[in-house]
$ cat protein-v4.cif   # mmCIF, C-alpha atoms
data_upload
loop_
_atom_site.label_atom_id
_atom_site.label_comp_id
_atom_site.auth_asym_id
_atom_site.auth_seq_id
_atom_site.Cartn_x
_atom_site.Cartn_y
_atom_site.Cartn_z
CA MET J 1 -0.29 21.21 20.12
CA PRO J 2 2.21 22.53 17.54
CA GLN J 3 2.78 20.45 14.44
CA PRO J 4 6.32 19.18 13.89
CA THR J 5 8.09 21.14 11.22
CA LYS J 6 9.92 19.38 8.46
CA HIS J 7 13.36 20.48 7.46
CA PRO J 8 12.97 22.31 4.12
CA ARG J 9 15.68 20.14 2.57
CA THR J 10 13.98 16.85 3.43
CA THR J 11 13.38 14.71 0.37
CA HIS J 12 12.03 11.23 -0.13
CA LEU J 13 13.16 7.99 -1.71
CA VAL J 14 10.87 5.12 -2.72
CA ILE J 15 12.66 1.77 -2.36
CA SER J 16 11.50 -1.50 -3.89
CA THR J 17 13.33 -4.66 -2.78
CA MET J 18 12.96 -8.31 -3.77
CA GLY J 19 14.98 -11.42 -3.03
CA GLU J 20 14.79 -14.99 -1.84
CA ASP J 21 12.98 -14.99 1.50
CA ARG J 22 15.17 -15.76 4.50
CA PRO J 23 15.36 -14.56 8.10
CA GLY J 24 16.99 -11.19 8.72
CA LEU J 25 16.30 -9.36 5.45
CA ALA J 26 13.93 -6.81 6.99
CA GLU J 27 16.47 -6.14 9.75
CA GLN J 28 19.33 -5.71 7.27
CA LEU J 29 17.30 -3.32 5.13
CA SER J 30 16.06 -1.23 8.06
CA ARG J 31 19.58 -1.09 9.57
CA VAL J 32 21.09 0.24 6.30
CA ILE J 33 18.41 2.95 6.23
CA LEU J 34 19.01 3.92 9.87
CA GLU J 35 22.81 3.90 9.54
CA SER J 36 22.56 6.19 6.50
CA GLY J 37 20.76 8.78 8.63
CA CYS J 38 17.37 8.29 6.95
CA SER J 39 13.95 7.50 8.36
CA ILE J 40 11.30 5.04 7.17
CA GLN J 41 8.02 6.92 6.65
CA ASP J 42 5.88 4.13 5.17
CA SER J 43 6.65 0.47 4.54
CA HIS J 44 5.09 -2.75 3.36
CA MET J 45 7.18 -5.90 3.74
CA SER J 46 6.02 -9.45 3.23
CA ALA J 47 6.88 -12.90 2.01
CA LEU J 48 5.15 -13.54 -1.30
CA GLY J 49 5.62 -17.20 -2.05
CA GLY J 50 9.32 -17.83 -1.45
CA THR J 51 10.23 -14.20 -2.18
CA PHE J 52 10.78 -11.37 0.30
CA ALA J 53 9.34 -8.12 -1.03
CA ALA J 54 9.49 -4.64 0.47
CA LEU J 55 8.19 -1.28 -0.66
CA MET J 56 9.23 1.70 1.43
CA LEU J 57 9.10 5.48 1.52
CA VAL J 58 12.22 6.85 3.20
CA SER J 59 12.98 10.47 4.10
CA GLY J 60 16.24 12.26 4.58
CA ASN J 61 18.23 15.19 3.28
CA TRP J 62 20.17 15.14 0.02
CA ASN J 63 23.37 13.89 1.67
CA THR J 64 21.77 11.07 3.68
CA LEU J 65 19.75 9.86 0.68
CA SER J 66 22.91 9.82 -1.45
CA LYS J 67 24.67 7.82 1.26
CA LEU J 68 21.67 5.46 1.36
CA ASP J 69 21.81 4.94 -2.42
CA GLY J 70 25.37 3.63 -2.08
CA ALA J 71 24.53 1.49 0.95
CA LEU J 72 21.54 -0.05 -0.87
CA ALA J 73 23.74 -0.99 -3.83
CA ALA J 74 26.19 -2.70 -1.47
CA LEU J 75 23.37 -4.48 0.38
CA GLY J 76 21.92 -5.67 -2.92
CA ARG J 77 25.24 -7.27 -3.90
CA GLN J 78 25.89 -8.72 -0.43
CA ALA J 79 22.39 -10.14 0.19
CA ASP J 80 21.54 -10.99 -3.45
CA LEU J 81 18.60 -8.56 -3.52
CA GLU J 82 17.11 -6.63 -6.42
CA ILE J 83 16.80 -3.07 -5.15
CA LEU J 84 15.33 -0.17 -7.10
CA SER J 85 15.04 3.35 -5.74
CA ARG J 86 13.52 6.56 -6.99
CA ARG J 87 13.51 10.09 -5.59
CA THR J 88 10.08 11.54 -4.97
CA GLY J 89 8.45 14.45 -3.22
CA PRO J 90 5.67 14.46 -0.66
CA ARG J 91 2.25 13.34 -1.86
CA GLN J 92 0.28 16.20 -3.33
CA ASP J 93 -3.24 16.74 -2.03
CA THR J 94 -5.89 15.99 -4.61
CA VAL J 95 -7.68 18.87 -6.27
CA VAL J 96 -11.04 17.23 -5.54
CA PRO J 97 -11.91 17.10 -1.82
CA SER J 98 -12.48 13.52 -0.73
CA LEU J 99 -13.46 11.35 2.22
CA PRO J 100 -11.41 8.33 3.35
CA TYR J 101 -13.28 5.02 3.29
CA SER J 102 -12.30 1.43 4.02
CA VAL J 103 -13.45 -1.46 1.82
CA ASP J 104 -13.24 -5.12 2.86
CA VAL J 105 -14.15 -8.07 0.64
CA ILE J 106 -14.17 -11.82 1.31
CA SER J 107 -15.18 -14.48 -1.20
CA LEU J 108 -14.40 -17.78 -2.77
CA ASP J 109 -11.20 -17.32 -4.73
CA GLN J 110 -11.88 -16.61 -8.40
CA PRO J 111 -9.82 -15.06 -11.19
CA GLY J 112 -10.19 -11.32 -11.77
CA ILE J 113 -11.51 -10.15 -8.39
CA VAL J 114 -8.82 -7.49 -7.91
CA HIS J 115 -9.30 -6.20 -11.46
CA GLN J 116 -13.07 -6.00 -11.01
CA LEU J 117 -12.78 -4.23 -7.64
CA VAL J 118 -10.35 -1.68 -9.03
CA GLY J 119 -12.56 -1.19 -12.09
CA PHE J 120 -15.66 -0.60 -9.96
CA PHE J 121 -14.04 2.25 -8.02
CA THR J 122 -12.08 3.74 -10.92
CA ALA J 123 -15.24 3.98 -13.07
CA ARG J 124 -16.78 6.14 -10.34
CA GLY J 125 -13.81 8.47 -9.93
CA VAL J 126 -12.88 6.98 -6.54
CA GLY J 127 -9.14 7.04 -5.84
CA ILE J 128 -7.50 3.91 -4.48
CA ARG J 129 -4.94 4.86 -1.86
CA GLU J 130 -3.98 1.31 -0.87
CA LEU J 131 -4.96 -2.24 -1.79
CA ASN J 132 -3.94 -5.45 -0.03
CA SER J 133 -5.22 -8.85 -1.06
CA HIS J 134 -4.61 -12.42 0.00
CA ALA J 135 -5.63 -15.81 -1.37
CA TYR J 136 -5.71 -18.62 1.19
CA VAL J 137 -7.26 -21.99 1.95
CA ALA J 138 -10.02 -22.09 4.58
CA VAL J 139 -8.78 -24.15 7.52
CA HIS J 140 -11.80 -26.34 8.20
CA SER J 141 -13.16 -26.84 4.68
CA GLY J 142 -10.06 -26.61 2.47
CA THR J 143 -11.94 -24.14 0.24
CA PRO J 144 -9.84 -21.62 -1.73
CA MET J 145 -10.72 -18.18 -0.35
CA PHE J 146 -9.81 -14.56 -1.12
CA ASN J 147 -9.86 -11.37 0.91
CA ALA J 148 -9.04 -7.79 0.01
CA HIS J 149 -8.75 -4.56 1.94
CA LEU J 150 -8.77 -1.21 0.17
CA SER J 151 -8.39 2.33 1.42
CA VAL J 152 -10.21 4.61 -0.99
CA GLU J 153 -10.81 8.34 -1.34
CA ILE J 154 -14.41 9.10 -2.29
CA PRO J 155 -14.99 12.56 -3.79
CA THR J 156 -17.26 14.68 -1.58
CA THR J 157 -19.47 15.22 -4.64
CA GLU J 158 -20.28 11.47 -4.72
CA HIS J 159 -23.58 10.45 -3.11
CA ILE J 160 -22.29 7.94 -0.52
CA ALA J 161 -25.60 6.06 -0.10
CA SER J 162 -25.83 5.49 -3.88
CA LEU J 163 -22.21 4.39 -4.07
CA ARG J 164 -22.73 1.98 -1.15
CA GLU J 165 -25.87 0.55 -2.82
CA ASP J 166 -24.03 0.14 -6.16
CA PHE J 167 -21.15 -1.54 -4.32
CA LEU J 168 -23.47 -4.01 -2.57
CA ASP J 169 -25.15 -4.81 -5.92
CA PHE J 170 -21.68 -5.31 -7.44
CA CYS J 171 -20.78 -7.67 -4.58
CA ASP J 172 -24.02 -9.63 -5.02
CA GLU J 173 -23.36 -10.05 -8.76
CA LEU J 174 -19.88 -11.49 -8.08
CA ASN J 175 -20.85 -13.44 -4.96
CA LEU J 176 -18.58 -11.33 -2.75
CA ASP J 177 -19.16 -10.42 0.89
CA GLY J 178 -18.24 -6.74 1.00
CA VAL J 179 -18.33 -3.80 3.41
CA ILE J 180 -17.62 -0.12 2.75
CA GLU J 181 -17.39 2.25 5.70
CA PRO J 182 -15.74 5.53 6.68
CA ILE J 183 -12.27 5.45 8.16
CA LYS J 184 -12.49 6.86 11.64
CA GLY J 185 -9.85 9.25 12.92
#
$ encode --input "protein-v4.cif" --output "structure tokens"
Amino acid sequence: MPQPTKHPRTTHLVISTMGEDRPGLAEQLSRVILESGCSIQDSHMSALGGTFAALMLVSGNWNTLSKLDGALAALGRQADLEILSRRTGPRQDTVVPSLPYSVDVISLDQPGIVHQLVGFFTARGVGIRELNSHAYVAVHSGTPMFNAHLSVEIPTTEHIASLREDFLDFCDELNLDGVIEPIKG
């Protein structure tokens, strides 16, 4: 099956948006992008406390991205949103070949878990592609809990069994329940 070709003039815009959470913000933001002739490539939108937050990668040509810049400024004023945007190119492949792995952690909530997780992988030269975390209260017990999901890129030179063993030891030391496994297809 032939791969779709990208127009050589396609460029990208990273958009960061924050404002008081209320219904319709995601629709307004996505409509402005569509009406400007651009396309959402990647997005993360959520309510964090009482704040709506969105981080998006949008593609388009020079003209449509310029039109979008103006439309975003107008939307920011109209909807009382803080909107930042920055032009970027496509992600460059890493020089070191790597394998995609998924990491999931659940534990009692405690300060510093994200920092310690990031430190564990960074110290081993493992790239963190994405990290999502959430603190919550367990329904039946009322216990403060924490979960995290990471997508990481493990260099092919890394001995996976040793890394997995080190990760499980790390989890035991911090009283975390953790799993690291390859991302399938």
$ resolve_selection --input "protein-v4.cif" --expression "the PyMOL selection byres ((chain J and resi 166) around 12)" --output "PyMOL selection string"
chain J and resi 120-121+123-124+159-165+167-173+178-180
$ atom_distance --input "protein-v4.cif" --atom1 "CA of Gly89 (chain J)" --atom2 "CA of Leu117 (chain J)"
28.6 Å
$ residues_around --input "protein-v4.cif" --residues "Asn132 (chain J)" --least-positions-apart "6" --cutoff "8 Å" --atoms "all atoms listed in the file" --output "short mmCIF file (atom, residue, chain, number, x, y, z; two decimals) with C-alpha atoms, in the coordinates of the input"
data_model
loop_
_atom_site.label_atom_id
_atom_site.label_comp_id
_atom_site.auth_asym_id
_atom_site.auth_seq_id
_atom_site.Cartn_x
_atom_site.Cartn_y
_atom_site.Cartn_z
CA ALA J 148 -9.04 -7.79 0.01
CA HIS J 149 -8.75 -4.56 1.94
CA LEU J 150 -8.77 -1.21 0.17
#
$ closest_residue --input "protein-v4.cif" --among "J:Gly127, J:Gly76, J:Ser98, J:Gly60" --to "Gln28 (chain J)" --atoms "all atoms listed in the file"
J:Gly76
$ residues_near_point --input "protein-v4.cif" --point "(19.7, 4.8, 1.1)" --cutoff "9 Å" --atoms "all atoms listed in the file" --output "compact mmCIF listing (two decimals) with C-alpha atoms, keeping the file's coordinate frame"
# COMPACT_ATOMS: atom_id res chain seq x y z
CA LEU J 13 13.16 7.99 -1.71
CA ILE J 15 12.66 1.77 -2.36
CA VAL J 32 21.09 0.24 6.30
CA ILE J 33 18.41 2.95 6.23
CA LEU J 34 19.01 3.92 9.87
CA SER J 36 22.56 6.19 6.50
CA GLY J 37 20.76 8.78 8.63
CA CYS J 38 17.37 8.29 6.95
CA VAL J 58 12.22 6.85 3.20
CA GLY J 60 16.24 12.26 4.58
CA THR J 64 21.77 11.07 3.68
CA LEU J 65 19.75 9.86 0.68
CA SER J 66 22.91 9.82 -1.45
CA LYS J 67 24.67 7.82 1.26
CA LEU J 68 21.67 5.46 1.36
CA ASP J 69 21.81 4.94 -2.42
CA GLY J 70 25.37 3.63 -2.08
CA ALA J 71 24.53 1.49 0.95
CA LEU J 72 21.54 -0.05 -0.87
CA ALA J 73 23.74 -0.99 -3.83
CA SER J 85 15.04 3.35 -5.74
$ closest_residue --input "protein-v4.cif" --among "J:Glu158, J:Asp21, J:Glu130, J:Asp80" --to "Leu99 (chain J)" --atoms "all atoms listed in the file"
J:Glu158
$ atom_distance --input "protein-v4.cif" --atom1 "CA of Thr156 (chain J)" --atom2 "CA of Val96 (chain J)"
7.8 Å
$ closest_residue --input "protein-v4.cif" --among "J:Ser107, J:Thr51, J:Thr11, J:Asn63" --to "Phe146 (chain J)" --atoms "only C-alpha atoms"
J:Ser107
$ residues_around --input "protein-v4.cif" --residues "region 140-144 of chain J" --least-positions-apart "2" --cutoff "7 Å" --atoms "all atoms listed in the file" --output "list in words"
Leu108, Asp109, Tyr136, Val137 and Ala138 of chain J
$ resolve_selection --input "protein-v4.cif" --expression "the PyMOL selection byres ((chain J and resi 44) around 9)" --output "list in words"
Asp42, Ser43, Met45, Ser46, Ala53, Ala54, Leu55 and Met56 of chain J
$ axis_aligned_box --input "protein-v4.cif" --around "region 164-168 of chain J" --padding-each-side "5 Å" --output "AutoDock Vina command-line options"
--center_x -23.5 --center_y -1.0 --center_z -3.7 --size_x 14.7 --size_y 16.0 --size_z 15.0
$ decode --input "protein-v4.cif" --residues "region 64-161 of chain J" --atoms "C-alpha atoms" --output "PDB file, in the first residue's frame"
ATOM      1  CA  THR J  64      -3.089  28.385   6.658  1.00  0.00           C
ATOM      2  CA  LEU J  65      -0.812  28.514   9.710  1.00  0.00           C
ATOM      3  CA  SER J  66      -0.610  32.313   9.420  1.00  0.00           C
ATOM      4  CA  LYS J  67      -4.404  32.457   9.205  1.00  0.00           C
ATOM      5  CA  LEU J  68      -4.587  30.180  12.265  1.00  0.00           C
ATOM      6  CA  ASP J  69      -2.235  32.452  14.241  1.00  0.00           C
ATOM      7  CA  GLY J  70      -4.695  35.334  13.778  1.00  0.00           C
ATOM      8  CA  ALA J  71      -7.720  33.176  14.562  1.00  0.00           C
ATOM      9  CA  LEU J  72      -6.069  31.889  17.759  1.00  0.00           C
ATOM     10  CA  ALA J  73      -5.390  35.444  18.932  1.00  0.00           C
ATOM     11  CA  ALA J  74      -9.053  36.323  18.365  1.00  0.00           C
ATOM     12  CA  LEU J  75     -10.227  33.155  20.136  1.00  0.00           C
ATOM     13  CA  GLY J  76      -7.956  33.925  23.079  1.00  0.00           C
ATOM     14  CA  ARG J  77      -9.523  37.368  23.499  1.00  0.00           C
ATOM     15  CA  GLN J  78     -13.095  36.129  22.956  1.00  0.00           C
ATOM     16  CA  ALA J  79     -12.903  33.041  25.218  1.00  0.00           C
ATOM     17  CA  ASP J  80     -10.436  34.458  27.793  1.00  0.00           C
ATOM     18  CA  LEU J  81      -7.803  31.823  26.991  1.00  0.00           C
ATOM     19  CA  GLU J  82      -4.030  32.011  27.223  1.00  0.00           C
ATOM     20  CA  ILE J  83      -2.780  30.676  23.898  1.00  0.00           C
ATOM     21  CA  LEU J  84       0.856  30.249  22.935  1.00  0.00           C
ATOM     22  CA  SER J  85       2.004  28.891  19.590  1.00  0.00           C
ATOM     23  CA  ARG J  86       5.343  28.003  18.092  1.00  0.00           C
ATOM     24  CA  ARG J  87       6.352  26.848  14.620  1.00  0.00           C
ATOM     25  CA  THR J  88       8.147  23.529  14.511  1.00  0.00           C
ATOM     26  CA  GLY J  89       9.217  20.910  12.036  1.00  0.00           C
ATOM     27  CA  PRO J  90       8.543  17.195  12.022  1.00  0.00           C
ATOM     28  CA  ARG J  91      10.165  15.158  14.783  1.00  0.00           C
ATOM     29  CA  GLN J  92      13.649  14.055  13.840  1.00  0.00           C
ATOM     30  CA  ASP J  93      14.478  10.376  14.218  1.00  0.00           C
ATOM     31  CA  THR J  94      16.974   9.709  16.964  1.00  0.00           C
ATOM     32  CA  VAL J  95      20.537   8.856  16.017  1.00  0.00           C
ATOM     33  CA  VAL J  96      20.460   5.857  18.362  1.00  0.00           C
ATOM     34  CA  PRO J  97      18.096   3.078  17.223  1.00  0.00           C
ATOM     35  CA  SER J  98      15.518   2.371  19.911  1.00  0.00           C
ATOM     36  CA  LEU J  99      12.584   0.145  20.810  1.00  0.00           C
ATOM     37  CA  PRO J 100       9.219   1.518  21.994  1.00  0.00           C
ATOM     38  CA  TYR J 101       8.149   0.353  25.450  1.00  0.00           C
ATOM     39  CA  SER J 102       5.194   1.129  27.685  1.00  0.00           C
ATOM     40  CA  VAL J 103       5.586   1.703  31.429  1.00  0.00           C
ATOM     41  CA  ASP J 104       2.683   1.682  33.900  1.00  0.00           C
ATOM     42  CA  VAL J 105       2.963   2.474  37.602  1.00  0.00           C
ATOM     43  CA  ILE J 106       0.364   2.471  40.386  1.00  0.00           C
ATOM     44  CA  SER J 107       1.060   3.313  44.019  1.00  0.00           C
ATOM     45  CA  LEU J 108      -0.022   5.173  47.080  1.00  0.00           C
ATOM     46  CA  ASP J 109       0.332   8.855  46.292  1.00  0.00           C
ATOM     47  CA  GLN J 110       3.624  10.266  47.535  1.00  0.00           C
ATOM     48  CA  PRO J 111       5.653  13.352  46.648  1.00  0.00           C
ATOM     49  CA  GLY J 112       8.339  12.988  43.983  1.00  0.00           C
ATOM     50  CA  ILE J 113       7.134   9.891  42.112  1.00  0.00           C
ATOM     51  CA  VAL J 114       7.200  11.570  38.689  1.00  0.00           C
ATOM     52  CA  HIS J 115      10.665  13.015  39.326  1.00  0.00           C
ATOM     53  CA  GLN J 116      12.003   9.634  40.448  1.00  0.00           C
ATOM     54  CA  LEU J 117      10.486   7.820  37.452  1.00  0.00           C
ATOM     55  CA  VAL J 118      11.931  10.330  35.013  1.00  0.00           C
ATOM     56  CA  GLY J 119      15.302  10.162  36.779  1.00  0.00           C
ATOM     57  CA  PHE J 120      15.386   6.361  36.600  1.00  0.00           C
ATOM     58  CA  PHE J 121      14.960   6.314  32.816  1.00  0.00           C
ATOM     59  CA  THR J 122      17.063   9.396  32.071  1.00  0.00           C
ATOM     60  CA  ALA J 123      20.032   7.966  34.020  1.00  0.00           C
ATOM     61  CA  ARG J 124      19.941   4.945  31.700  1.00  0.00           C
ATOM     62  CA  GLY J 125      19.755   6.928  28.455  1.00  0.00           C
ATOM     63  CA  VAL J 126      16.111   5.953  27.868  1.00  0.00           C
ATOM     64  CA  GLY J 127      14.107   8.640  26.061  1.00  0.00           C
ATOM     65  CA  ILE J 128      10.688   9.565  27.397  1.00  0.00           C
ATOM     66  CA  ARG J 129       8.308  10.108  24.510  1.00  0.00           C
ATOM     67  CA  GLU J 130       5.191  10.724  26.610  1.00  0.00           C
ATOM     68  CA  LEU J 131       4.234  10.793  30.290  1.00  0.00           C
ATOM     69  CA  ASN J 132       0.737  10.986  31.762  1.00  0.00           C
ATOM     70  CA  SER J 133       0.066  10.855  35.481  1.00  0.00           C
ATOM     71  CA  HIS J 134      -2.976  11.140  37.704  1.00  0.00           C
ATOM     72  CA  ALA J 135      -3.503  11.410  41.454  1.00  0.00           C
ATOM     73  CA  TYR J 136      -6.886  10.216  42.689  1.00  0.00           C
ATOM     74  CA  VAL J 137      -8.706   8.862  45.721  1.00  0.00           C
ATOM     75  CA  ALA J 138      -9.509   5.136  45.759  1.00  0.00           C
ATOM     76  CA  VAL J 139     -13.285   4.735  45.711  1.00  0.00           C
ATOM     77  CA  HIS J 140     -13.767   2.095  48.390  1.00  0.00           C
ATOM     78  CA  SER J 141     -10.984   2.982  50.826  1.00  0.00           C
ATOM     79  CA  GLY J 142     -10.553   6.743  50.363  1.00  0.00           C
ATOM     80  CA  THR J 143      -6.784   6.182  50.032  1.00  0.00           C
ATOM     81  CA  PRO J 144      -4.817   8.751  47.992  1.00  0.00           C
ATOM     82  CA  MET J 145      -3.483   6.901  44.934  1.00  0.00           C
ATOM     83  CA  PHE J 146      -1.253   7.700  41.958  1.00  0.00           C
ATOM     84  CA  ASN J 147      -0.865   6.201  38.503  1.00  0.00           C
ATOM     85  CA  ALA J 148       1.473   7.007  35.643  1.00  0.00           C
ATOM     86  CA  HIS J 149       1.808   5.832  32.070  1.00  0.00           C
ATOM     87  CA  LEU J 150       4.988   6.455  30.101  1.00  0.00           C
ATOM     88  CA  SER J 151       5.944   5.705  26.528  1.00  0.00           C
ATOM     89  CA  VAL J 152       9.706   5.312  26.408  1.00  0.00           C
ATOM     90  CA  GLU J 153      12.323   4.623  23.746  1.00  0.00           C
ATOM     91  CA  ILE J 154      14.911   2.112  24.933  1.00  0.00           C
ATOM     92  CA  PRO J 155      18.181   2.110  22.968  1.00  0.00           C
ATOM     93  CA  THR J 156      18.740  -1.214  21.189  1.00  0.00           C
ATOM     94  CA  THR J 157      22.143  -1.385  22.904  1.00  0.00           C
ATOM     95  CA  GLU J 158      20.405  -1.621  26.319  1.00  0.00           C
ATOM     96  CA  HIS J 159      20.026  -5.129  27.757  1.00  0.00           C
ATOM     97  CA  ILE J 160      16.229  -5.250  28.209  1.00  0.00           C
ATOM     98  CA  ALA J 161      16.223  -8.011  30.851  1.00  0.00           C
TER      99      ALA J 161
END
